[in-house]
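Visitor: I'm passing along input_34.cif; it holds mmCIF, C-alpha atoms.
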```cif
data_coords
loop_
_atom_site.label_atom_id
_atom_site.label_comp_id
_atom_site.auth_asym_id
_atom_site.auth_seq_id
_atom_site.Cartn_x
_atom_site.Cartn_y
_atom_site.Cartn_z
CA MET A 1 262.51 51.53 182.54
CA SER A 2 264.74 52.08 179.51
CA ASN A 3 266.83 49.95 177.22
CA SER A 4 268.68 51.16 174.14
CA THR A 5 268.51 47.97 172.13
CA GLY A 6 265.51 45.96 173.33
CA ALA A 7 267.73 42.94 174.00
CA MET A 8 266.96 41.14 177.27
CA SER A 9 269.49 38.79 178.87
CA LEU A 10 268.73 35.44 180.48
CA SER A 11 268.84 36.96 183.98
CA GLU A 12 266.64 39.90 182.99
CA HIS A 13 264.18 37.63 181.22
CA THR A 14 263.96 35.25 184.18
CA GLN A 15 263.28 38.14 186.56
CA ALA A 16 260.69 39.69 184.23
CA LEU A 17 258.81 36.38 184.05
CA LEU A 18 258.76 36.15 187.85
CA ASP A 19 257.64 39.76 188.16
CA PHE A 20 254.74 39.15 185.80
CA SER A 21 253.51 36.15 187.80
CA ASP A 22 253.92 38.13 191.04
CA HIS A 23 252.25 41.32 189.86
CA PHE A 24 249.40 40.20 187.58
CA ARG A 25 246.48 37.91 188.38
CA HIS A 26 242.87 37.14 187.52
CA ALA A 27 240.30 38.92 189.67
CA THR A 28 238.64 35.70 190.87
CA ALA A 29 240.69 32.73 189.63
CA GLY A 30 244.07 33.89 190.89
CA ALA A 31 246.97 32.84 188.69
CA LEU A 32 246.86 33.63 184.98
CA THR A 33 247.62 30.72 182.65
CA SER A 34 248.97 30.40 179.09
CA THR A 35 251.41 33.21 179.83
CA ARG A 36 253.97 31.61 177.48
CA GLN A 37 252.95 30.33 174.06
CA TYR A 38 254.86 29.15 170.99
CA LEU A 39 254.89 29.60 167.24
CA LEU A 40 257.21 29.14 164.30
CA HIS A 41 259.30 32.02 163.02
CA GLU A 42 258.53 30.90 159.48
CA GLU A 43 254.77 31.20 160.02
CA MET A 44 255.02 34.72 161.36
CA ARG A 45 257.39 35.64 158.52
CA LEU A 46 254.75 34.67 155.95
CA LEU A 47 252.37 37.26 157.39
CA VAL A 48 255.02 39.95 157.82
CA ASP A 49 256.29 39.44 154.26
CA VAL A 50 252.94 40.59 152.86
CA LEU A 51 254.26 44.06 153.73
CA PRO A 52 257.14 45.81 151.92
CA ALA A 53 260.49 45.11 153.59
CA GLY A 54 261.85 47.56 156.15
CA ASP A 55 260.30 49.28 159.19
CA ARG A 56 257.73 46.54 159.74
CA LEU A 57 256.24 46.13 163.19
CA VAL A 58 254.59 43.27 165.11
CA ILE A 59 251.82 44.32 167.50
CA VAL A 60 250.86 41.83 170.23
CA HIS A 61 247.39 42.45 171.68
CA HIS A 62 246.41 41.37 175.22
CA GLY A 63 243.31 39.20 175.54
CA LEU A 64 241.81 36.82 178.11
CA ASP A 65 239.69 33.66 177.92
CA GLY A 66 238.67 32.56 181.41
CA ASN A 67 241.95 32.95 183.28
CA ALA A 68 244.07 32.06 180.21
CA LEU A 69 245.85 34.80 178.30
CA VAL A 70 245.12 35.10 174.58
CA TYR A 71 247.61 36.79 172.27
CA GLY A 72 246.40 38.60 169.17
CA LEU A 73 248.85 39.79 166.51
CA SER A 74 248.86 42.56 163.91
CA PHE A 75 251.51 43.38 161.32
CA VAL A 76 251.97 46.95 160.10
CA LYS A 77 254.30 48.99 157.93
CA ALA A 78 255.70 52.08 159.67
CA THR A 79 257.25 55.35 158.54
CA PRO A 80 260.43 56.75 160.15
CA ALA A 81 259.80 60.07 161.90
CA GLY A 82 261.60 61.99 164.62
CA GLY A 83 263.83 59.15 165.73
CA GLY A 84 260.97 56.66 165.93
CA LEU A 85 258.42 54.94 163.72
CA ASP A 86 254.87 56.17 163.07
CA PHE A 87 252.09 53.83 161.97
CA THR A 88 248.33 53.53 161.80
CA ASP A 89 247.09 51.70 164.89
CA PRO A 90 244.92 48.78 163.70
CA GLY A 91 243.02 48.76 167.01
CA ALA A 92 242.47 45.00 166.89
CA PRO A 93 244.53 42.01 165.76
CA SER A 94 244.25 40.34 162.39
CA HIS A 95 245.31 36.99 163.86
CA PHE A 96 245.51 35.23 167.20
CA LEU A 97 247.82 32.54 168.49
CA ASP A 98 246.02 29.21 168.88
CA LYS A 99 247.99 26.10 169.86
CA GLY A 100 251.04 27.26 167.95
CA TYR A 101 249.21 28.49 164.85
CA LEU A 102 248.28 32.02 163.78
CA ARG A 103 244.60 32.03 162.89
CA SER A 104 242.59 34.90 161.40
CA ILE A 105 240.22 36.80 163.67
CA THR A 106 237.83 39.71 163.16
CA ALA A 107 237.66 42.77 165.38
CA ALA A 108 234.20 41.71 166.55
CA ASP A 109 235.42 38.25 167.53
CA TRP A 110 238.43 39.72 169.34
CA GLN A 111 236.38 42.18 171.39
CA PRO A 112 235.23 39.69 174.10
CA PHE A 113 238.85 38.65 174.75
CA ARG A 114 239.90 42.29 175.01
CA THR A 115 237.01 43.19 177.31
CA ALA A 116 237.70 40.21 179.57
CA TYR A 117 241.35 41.22 179.84
CA ARG A 118 240.53 44.83 180.71
CA THR A 119 237.93 43.92 183.33
CA GLN A 120 239.28 40.73 184.89
CA VAL A 121 243.04 41.29 185.21
CA LEU A 122 244.44 42.92 188.35
CA VAL A 123 247.91 44.45 188.74
CA ASP A 124 250.13 45.13 191.73
CA ARG A 125 252.23 48.14 190.73
CA GLY A 126 254.76 47.42 193.47
CA ASP A 127 253.83 50.62 195.35
CA GLY A 128 252.46 48.95 198.48
CA HIS A 129 248.78 49.32 197.52
CA GLY A 130 248.32 45.68 196.48
CA PHE A 131 246.29 44.45 193.51
CA VAL A 132 244.09 46.97 191.73
CA PRO A 133 242.09 46.97 188.45
CA LEU A 134 243.75 48.03 185.23
CA THR A 135 243.33 51.65 184.23
CA ASP A 136 242.74 53.29 180.86
CA THR A 137 246.50 53.98 180.63
CA ASP A 138 247.47 50.30 180.97
CA ALA A 139 248.66 48.72 177.73
CA ARG A 140 246.23 46.80 175.57
CA SER A 141 249.05 45.95 173.14
CA VAL A 142 252.83 45.93 172.76
CA THR A 143 254.68 46.90 169.56
CA LEU A 144 258.05 45.41 168.55
CA PRO A 145 260.10 45.88 165.35
CA TRP A 146 260.33 42.89 163.05
CA ASP A 147 263.15 43.82 160.66
CA THR A 148 265.63 45.17 163.22
CA GLU A 149 264.78 43.10 166.28
CA ILE A 150 262.60 39.95 166.18
CA ASP A 151 263.96 38.71 162.85
CA VAL A 152 267.53 39.70 163.77
CA MET A 153 267.20 37.99 167.16
CA HIS A 154 266.11 34.77 165.48
CA GLY A 155 268.74 34.87 162.73
CA THR A 156 271.73 35.66 164.94
CA THR A 157 270.68 33.18 167.62
CA VAL A 158 270.15 30.15 165.36
CA GLN A 159 273.26 30.86 163.26
CA GLY A 160 275.64 27.91 163.55
CA GLU A 161 273.18 26.00 165.76
CA THR A 162 271.24 22.81 165.01
CA GLY A 163 267.42 22.91 164.94
CA PRO A 164 264.56 22.54 165.08
CA PHE A 165 263.75 25.91 166.60
CA ARG A 166 260.63 27.73 167.71
CA LEU A 167 259.72 31.21 168.95
CA ALA A 168 258.39 31.65 172.46
CA LEU A 169 256.09 34.58 173.21
CA SER A 170 255.94 35.39 176.93
CA SER A 171 254.22 37.86 179.21
CA VAL A 172 256.81 39.78 181.21
CA SER A 173 256.79 42.75 183.54
CA VAL A 174 259.35 45.38 184.49
CA ARG A 175 259.08 48.62 186.43
CA HIS A 176 258.27 51.78 184.48
CA ASP A 177 258.30 55.42 185.42
CA ASP A 178 255.42 57.65 184.31
CA SER A 179 257.42 59.82 181.91
CA ASP A 180 255.57 58.44 178.86
CA GLY A 181 252.12 59.08 180.33
CA GLY A 182 251.55 55.49 181.39
CA PRO A 183 251.21 54.21 184.96
CA GLU A 184 254.24 54.14 187.23
CA GLY A 185 255.33 50.68 188.39
CA PHE A 186 254.83 47.27 186.85
CA ARG A 187 253.13 46.98 183.46
CA HIS A 188 252.30 44.06 181.16
CA GLY A 189 254.97 43.64 178.48
CA ILE A 190 255.80 40.99 175.87
CA ALA A 191 259.08 39.25 175.07
CA PHE A 192 260.05 36.92 172.21
CA HIS A 193 262.93 34.45 172.41
CA VAL A 194 264.15 31.39 170.50
CA GLU A 195 264.00 27.83 171.82
CA GLN A 196 265.91 24.80 170.54
CA ARG A 197 264.71 21.21 170.46
CA ARG A 198 267.08 18.80 172.18
CA ILE A 199 266.78 15.13 173.11
CA THR A 200 265.17 15.88 176.46
CA GLY A 201 262.89 18.72 175.35
CA TRP A 202 262.84 22.39 174.36
CA TYR A 203 265.44 24.77 175.82
CA PRO A 204 265.53 28.60 175.77
CA MET A 205 268.44 29.95 173.76
CA LEU A 206 269.29 32.72 176.24
CA ASP A 207 272.46 33.72 178.07
CA ASP A 208 274.06 36.64 179.91
CA SER A 209 277.03 37.07 177.57
CA THR A 210 277.63 40.17 175.44
CA TYR A 211 278.10 39.90 171.67
CA ASP A 212 279.31 43.27 170.42
CA GLN A 213 278.44 42.64 166.77
CA ALA A 214 275.17 40.81 167.50
CA PRO A 215 273.37 42.29 170.53
CA PHE A 216 270.32 40.02 170.07
CA ARG A 217 272.30 36.74 169.93
CA PHE A 218 271.00 34.46 172.69
CA LYS A 219 268.76 37.27 173.95
CA ALA A 220 265.04 37.90 174.17
CA ASP A 221 263.47 40.86 172.37
CA ASP A 222 261.53 43.06 174.76
CA TYR A 223 261.08 46.69 175.80
CA GLY A 224 258.55 47.36 173.06
CA SER A 225 256.32 50.42 172.90
CA LEU A 226 253.14 50.03 174.96
CA CYS A 227 249.74 51.14 173.68
CA PRO A 228 248.57 53.15 175.49
CA PRO A 229 250.31 55.51 175.84
CA ARG A 230 251.99 55.11 172.40
CA CYS A 231 249.34 53.68 170.10
CA SER A 232 250.56 54.93 166.72
CA ARG A 233 254.27 55.23 167.32
CA PHE A 234 257.18 52.95 168.15
CA GLN A 235 259.98 54.63 170.06
CA ARG A 236 262.74 53.38 172.34
#
```
Using the file provided, produce a representation of the structure as structure tokens.
Guide:
Amino acid sequence: MSNSTGAMSLSEHTQALLDFSDHFRHATAGALTSTRQYLLHEEMRLLVDVLPAGDRLVIVHHGLDGNALVYGLSFVKATPAGGGLDFTDPGAPSHFLDKGYLRSITAADWQPFRTAYRTQVLVDRGDGHGFVPLTDTDARSVTLPWDTEIDVMHGTTVQGETGPFRLALSSVSVRHDDSDGGPEGFRHGIAFHVEQRRITGWYPMLDDSTYDQAPFRFKADDYGSLCPPRCSRFQR
């Protein structure tokens, strides 16, 4: 799996959502729930803006409560190096997403969610062997750039449009090779996209068109770096 920009079209996003539901499940309860959750761009910006502008990253941590996914978030400042971004891996989130709000959480309080995810989630790699437990090389978190991707995606998508808007955070899955040291086949990724409130409800602001000067317009932001194998580095 490779993508030079991180932008995910409507068709790609739809398929990645289906692939996640087909290839990940709870060991005893079956289907995972709360795979898509929502928050406001402005609320996440408040936490990101504590850091100096430029080369800031959003890390989404995988957790589980029963058979419901829990998303933890960390915000770090990175340093450009060798065509990528290096940073200190926080190991655990500083906040978690709870009914649309980002609430503080300690590493100790996060640990049960992380342990439940690692021990109760099964994956079908798509290799014909069916569902198997996660391994030590499966991602516990996904890293995405704020300044050049998530924030740009939001800004270029809402430009000229009428709100209100919200960010959707979704679990997605695409096939990977093993060139980065991670498992071959389907892995657990994260995608952000913008939704718009209309009279009849919320609608994803996604399409399959190409915008040469704004590659993230009406696109989701995905293809982040997975940890493991890359736990202190973001690289396309």
Visitor: Within 7 Å of (241.1, 41.3, 172.2), in the coordinates the file gives, what residues turn up when you count only C-alpha atoms, written out as a VMD selection string?
Guide: chain A and resid 61 to 63 72 92 110 to 115
Visitor: Measuring between all atoms listed in the file, which one of A:Lys99, A:Arg36, A:His188, A:Arg197 shows the shortest distance to Pro164 in chain A?
Guide: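 Under the stated criterion, the closest residue is A:Arg197.
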Visitor: Which residue, A:Ser141, A:Thr14, A:Gln196, A:Ser209, has the smallest gap to Gly224 in chain A when you use all atoms listed in the file?
Guide: A:Ser141
Visitor: Give me the result of the PyMOL selection byres ((chain A and resi 74) around 12) on this file, residue by residue, as a VMD selection string.
Guide: chain A and resid 44 47 to 48 50 to 51 56 to 62 71 to 73 75 to 77 87 to 97 102 to 107 141 to 146
Visitor: For CA of Thr137 in chain A and CA of Gly182 in chain A, quote the distance in Å rounded to one decimal.
Guide: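 The value is 5.3 Å.
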